[in-house]
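S.K.: So here's final-v4.txt, just compact mmCIF, C-alpha atoms:
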# COMPACT_ATOMS: atom_id res chain seq x y z
CA GLY A 1 7.09 -44.11 13.56
CA GLY A 2 5.93 -41.21 11.40
CA GLY A 3 2.26 -40.83 10.59
CA HIS A 4 1.03 -41.52 7.10
CA GLN A 5 -0.86 -38.28 6.57
CA ARG A 6 0.22 -36.39 3.51
CA GLN A 7 1.15 -32.95 4.64
CA GLN A 8 0.16 -30.05 2.50
CA ARG A 9 2.92 -27.64 1.86
CA PRO A 10 2.02 -24.38 3.52
CA LYS A 11 1.47 -21.55 1.11
CA ARG A 12 4.50 -19.38 0.80
CA ARG A 13 4.07 -16.18 2.77
CA GLY A 14 5.96 -13.03 2.11
CA LYS A 15 7.07 -10.71 4.86
CA GLY A 16 4.88 -7.86 3.69
CA LEU A 17 5.76 -4.38 4.89
CA SER A 18 6.39 -3.47 8.47
CA PHE A 19 5.56 -0.07 9.84
CA SER A 20 6.80 1.41 13.09
CA GLU A 21 4.47 1.32 16.05
CA SER A 22 4.30 5.09 16.15
CA THR A 23 3.60 5.31 12.43
CA ALA A 24 1.60 8.23 11.09
CA VAL A 25 0.36 6.03 8.26
CA GLU A 26 -3.26 5.19 8.96
CA GLU A 27 -5.00 1.93 8.18
CA TRP A 28 -7.86 2.44 5.75
CA ASP A 29 -11.15 0.61 5.29
CA GLU A 30 -14.16 0.93 3.01
CA ASP A 31 -15.63 3.84 4.98
CA SER A 32 -12.42 5.83 4.66
CA LEU A 33 -12.39 5.20 0.94
CA ALA A 34 -16.03 6.17 0.52
CA LYS A 35 -15.33 9.49 2.28
CA ALA A 36 -12.27 10.16 0.13
CA LYS A 37 -14.28 9.53 -3.03
CA GLU A 38 -16.96 12.07 -2.21
CA THR A 39 -16.74 14.69 -4.91
CA GLY A 40 -16.72 17.60 -2.50
CA SER A 41 -13.85 16.12 -0.53
CA LYS A 42 -11.32 18.88 0.12
CA LYS A 43 -8.77 16.63 1.73
CA VAL A 44 -6.04 14.98 -0.28
CA HIS A 45 -5.36 11.34 0.54
CA LEU A 46 -2.28 9.37 -0.32
CA VAL A 47 -2.97 5.65 -0.19
CA LEU A 48 -0.61 2.71 -0.35
CA PHE A 49 -2.23 -0.54 -1.46
CA TYR A 50 -0.13 -3.44 -0.26
CA SER A 51 -0.24 -6.95 1.14
CA SER A 52 0.85 -7.90 4.64
CA ARG A 53 2.07 -11.12 3.03
CA GLY A 54 3.69 -9.50 0.04
CA PHE A 55 7.02 -10.60 -1.39
CA TYR A 56 8.60 -7.16 -1.41
CA ASP A 57 12.04 -8.29 -0.36
CA GLU A 58 12.55 -10.08 -3.65
CA GLY A 59 11.85 -9.12 -7.23
CA ARG A 60 12.11 -5.80 -8.97
CA ASP A 61 11.23 -3.50 -6.15
CA LYS A 62 13.07 -5.22 -3.34
CA ASP A 63 14.28 -2.05 -1.66
CA PHE A 64 10.78 -0.83 -0.94
CA THR A 65 10.02 -1.03 2.78
CA GLY A 66 7.47 0.34 5.22
CA LYS A 67 10.24 2.45 6.72
CA LEU A 68 11.08 3.96 3.34
CA PHE A 69 7.42 4.83 2.83
CA GLU A 70 7.22 6.42 6.29
CA GLU A 71 10.34 8.47 5.67
CA ALA A 72 9.27 9.62 2.21
CA THR A 73 5.86 10.67 3.54
CA SER A 74 7.00 12.22 6.82
CA ASN A 75 6.87 15.76 5.45
CA VAL A 76 3.81 15.52 3.24
CA GLN A 77 1.65 14.23 6.07
CA PHE A 78 0.99 17.81 7.12
CA VAL A 79 -0.56 18.48 3.73
CA VAL A 80 -2.18 15.18 2.85
CA SER A 81 -3.44 12.27 4.85
CA VAL A 82 -1.15 9.26 4.47
CA ASN A 83 -2.86 5.89 4.51
CA LYS A 84 -2.39 2.23 3.78
CA VAL A 85 -4.73 -0.56 2.76
CA ASP A 86 -3.75 -4.14 3.45
CA CYS A 87 -5.34 -6.01 0.55
CA GLU A 88 -5.17 -9.28 2.52
CA GLN A 89 -7.73 -7.77 4.89
CA GLN A 90 -9.54 -5.54 2.43
CA GLU A 91 -9.54 -7.60 -0.74
CA THR A 92 -12.94 -6.33 -1.92
CA LEU A 93 -11.93 -2.71 -1.50
CA CYS A 94 -8.68 -3.29 -3.40
CA LYS A 95 -10.47 -5.09 -6.21
CA ALA A 96 -12.98 -2.28 -6.50
CA GLU A 97 -10.07 0.13 -6.92
CA GLY A 98 -8.48 -2.08 -9.58
CA TYR A 99 -5.81 -3.76 -7.47
CA LYS A 100 -5.72 -7.53 -7.57
CA LEU A 101 -4.34 -9.22 -4.48
CA SER A 102 -1.94 -11.31 -6.55
CA SER A 103 -0.49 -8.19 -8.10
CA VAL A 104 -0.06 -6.15 -4.90
CA GLN A 105 1.61 -9.16 -3.30
CA LYS A 106 4.40 -8.66 -5.82
CA LYS A 107 4.33 -4.91 -6.04
CA ALA A 108 2.64 -2.37 -3.81
CA ALA A 109 0.63 0.38 -5.51
CA LEU A 110 0.29 4.03 -4.63
CA ALA A 111 -2.60 6.34 -5.42
CA LEU A 112 -3.75 9.82 -4.61
CA TYR A 113 -7.38 10.79 -4.07
CA ILE A 114 -8.07 14.45 -4.78
CA GLY A 115 -11.57 15.86 -4.69
CA GLY A 116 -12.94 12.35 -4.97
CA LYS A 117 -10.83 11.44 -8.00
CA LYS A 118 -8.11 8.83 -8.02
CA LYS A 119 -4.72 9.42 -9.53
CA ALA A 120 -2.33 6.49 -9.78
CA TRP A 121 1.39 6.82 -9.11
CA LYS A 122 3.38 6.59 -12.32
CA GLY A 123 6.68 7.82 -10.96
CA GLY A 124 8.59 4.59 -11.34
CA LYS A 125 9.65 2.17 -8.66
CA LEU A 126 8.34 2.75 -5.16
CA SER A 127 11.77 1.83 -3.84
CA GLN A 128 12.94 5.13 -5.30
CA LEU A 129 10.21 7.11 -3.60
CA THR A 130 11.58 10.30 -2.07
CA GLU A 131 10.06 13.34 -0.41
CA LYS A 132 10.73 15.24 -3.62
CA SER A 133 9.10 12.80 -6.05
CA LEU A 134 6.19 12.46 -3.68
CA GLY A 135 5.88 16.22 -3.38
CA ASN A 136 5.70 16.52 -7.16
CA PHE A 137 3.04 13.82 -7.28
CA VAL A 138 0.94 15.55 -4.66
CA ASP A 139 1.31 19.03 -6.19
CA ALA A 140 0.90 18.06 -9.82
Using structure tokens, write down the structure that the file contains.

M.R.:
Amino acid sequence: GGGHQRQQRPKRRGKGLSFSESTAVEEWDEDSLAKAKETGSKKVHLVLFYSSRGFYDEGRDKDFTGKLFEEATSNVQFVVSVNKVDCEQQETLCKAEGYKLSSVQKKAALALYIGGKKKAWKGGKLSQLTEKSLGNFVDA
């Protein structure tokens, strides 16, 4: 006979984004961010804020994948450092940067840190990210 415990429905988990094992996209933490925000910082950092449990395979931006991000950034990585922040792990960091977990679970966000200043991506859907649009973002 079946037990009488009421089972809680597990929270729905999205698939998130998967990156290749040899990915050049580095995982970021609070130290990395602090360094990038130093005003004298000469390096340019491209940062993807996402959730490892995000629902990216449904909804408006369903063609956005880790692979697409890796391909779009493969040429700029010589010029800028390409990074990712998993907001499931780094919720405080994401919040401090203005990214709520609930919102990045639906839609990943992209930002550029130049000389300590943050510039948010406003180039439309990330699923349409290309080397060219990214290049324009980085050079602008």

S.K.: Using all atoms listed in the file - which residues lie no farther than 9 Å from the point (-12.8, 10.9, -1.5) in the file's frame? Write them as a ChimeraX atom specification.

M.R.: /A:32-45,113-118

S.K.: Could you jot down the CA of Thr92 (chain A) to CA of Phe69 (chain A) separation for me, Å, one decimal place?

M.R.: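 These atoms are spaced 23.7 Å apart.
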
S.K.: Applying 12 Å and all atoms listed in the file, which residues near Thr73 (chain A) remain after dropping the ones on its own chain fewer than 6 positions away? List them as a ChimeraX atom specification.

M.R.: /A:23-26,45-48,66-67,79-84,110,129-135,137-138

S.K.: Restricting the calculation to only C-alpha atoms: of A:Phe55, A:Ser20, A:Glu91, A:Glu97, which residue gets closest to Glu71 (chain A)?

M.R.: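 For Glu71 (chain A), the nearest of the given residues is A:Ser20.
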
S.K.: Please report the interatomic distance between CA of Val85 (chain A) and CA of Phe49 (chain A) in Å with one decimal.

M.R.: 4.9 Å

S.K.: Please indicate the distance in Å from CA of Leu112 (chain A) to CA of Glu70 (chain A), rounded to one decimal place.

M.R.: 15.8 Å

S.K.: May I ask which of the residues A:Lys119, A:Lys106, A:Lys100, A:Lys125 is the closest one to Arg13 (chain A), counting all atoms listed in the file?

M.R.: A:Lys106

S.K.: Quick one: of A:Arg60, A:Cys87, A:Leu101, A:Ser74, who's nearest to Leu126 (chain A), counting only C-alpha atoms?

M.R.: A:Arg60

S.K.: Choose the residue, out of A:Lys15, A:Glu30, A:Ser22, A:Lys122, that has the smallest atom-to-atom separation from Lys95 (chain A); count only C-alpha atoms.

M.R.: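 Closest residue, counting only C-alpha atoms: A:Glu30.
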
S.K.: So which one's closest to Arg12 (chain A), A:Gln89, A:Gln128, A:Asn136, A:Gln105? Using all atoms listed in the file, please.

M.R.: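 Nearest to Arg12 (chain A): A:Gln105.
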
S.K.: Show me, as a VMD selection string, the residues that have an atom within 9 Å of region 56-59 of chain A when counting all atoms listed in the file, minus same-chain residues fewer than 2 positions from it.

M.R.: chain A and resid 14 to 17 53 to 54 61 to 65 105 to 108
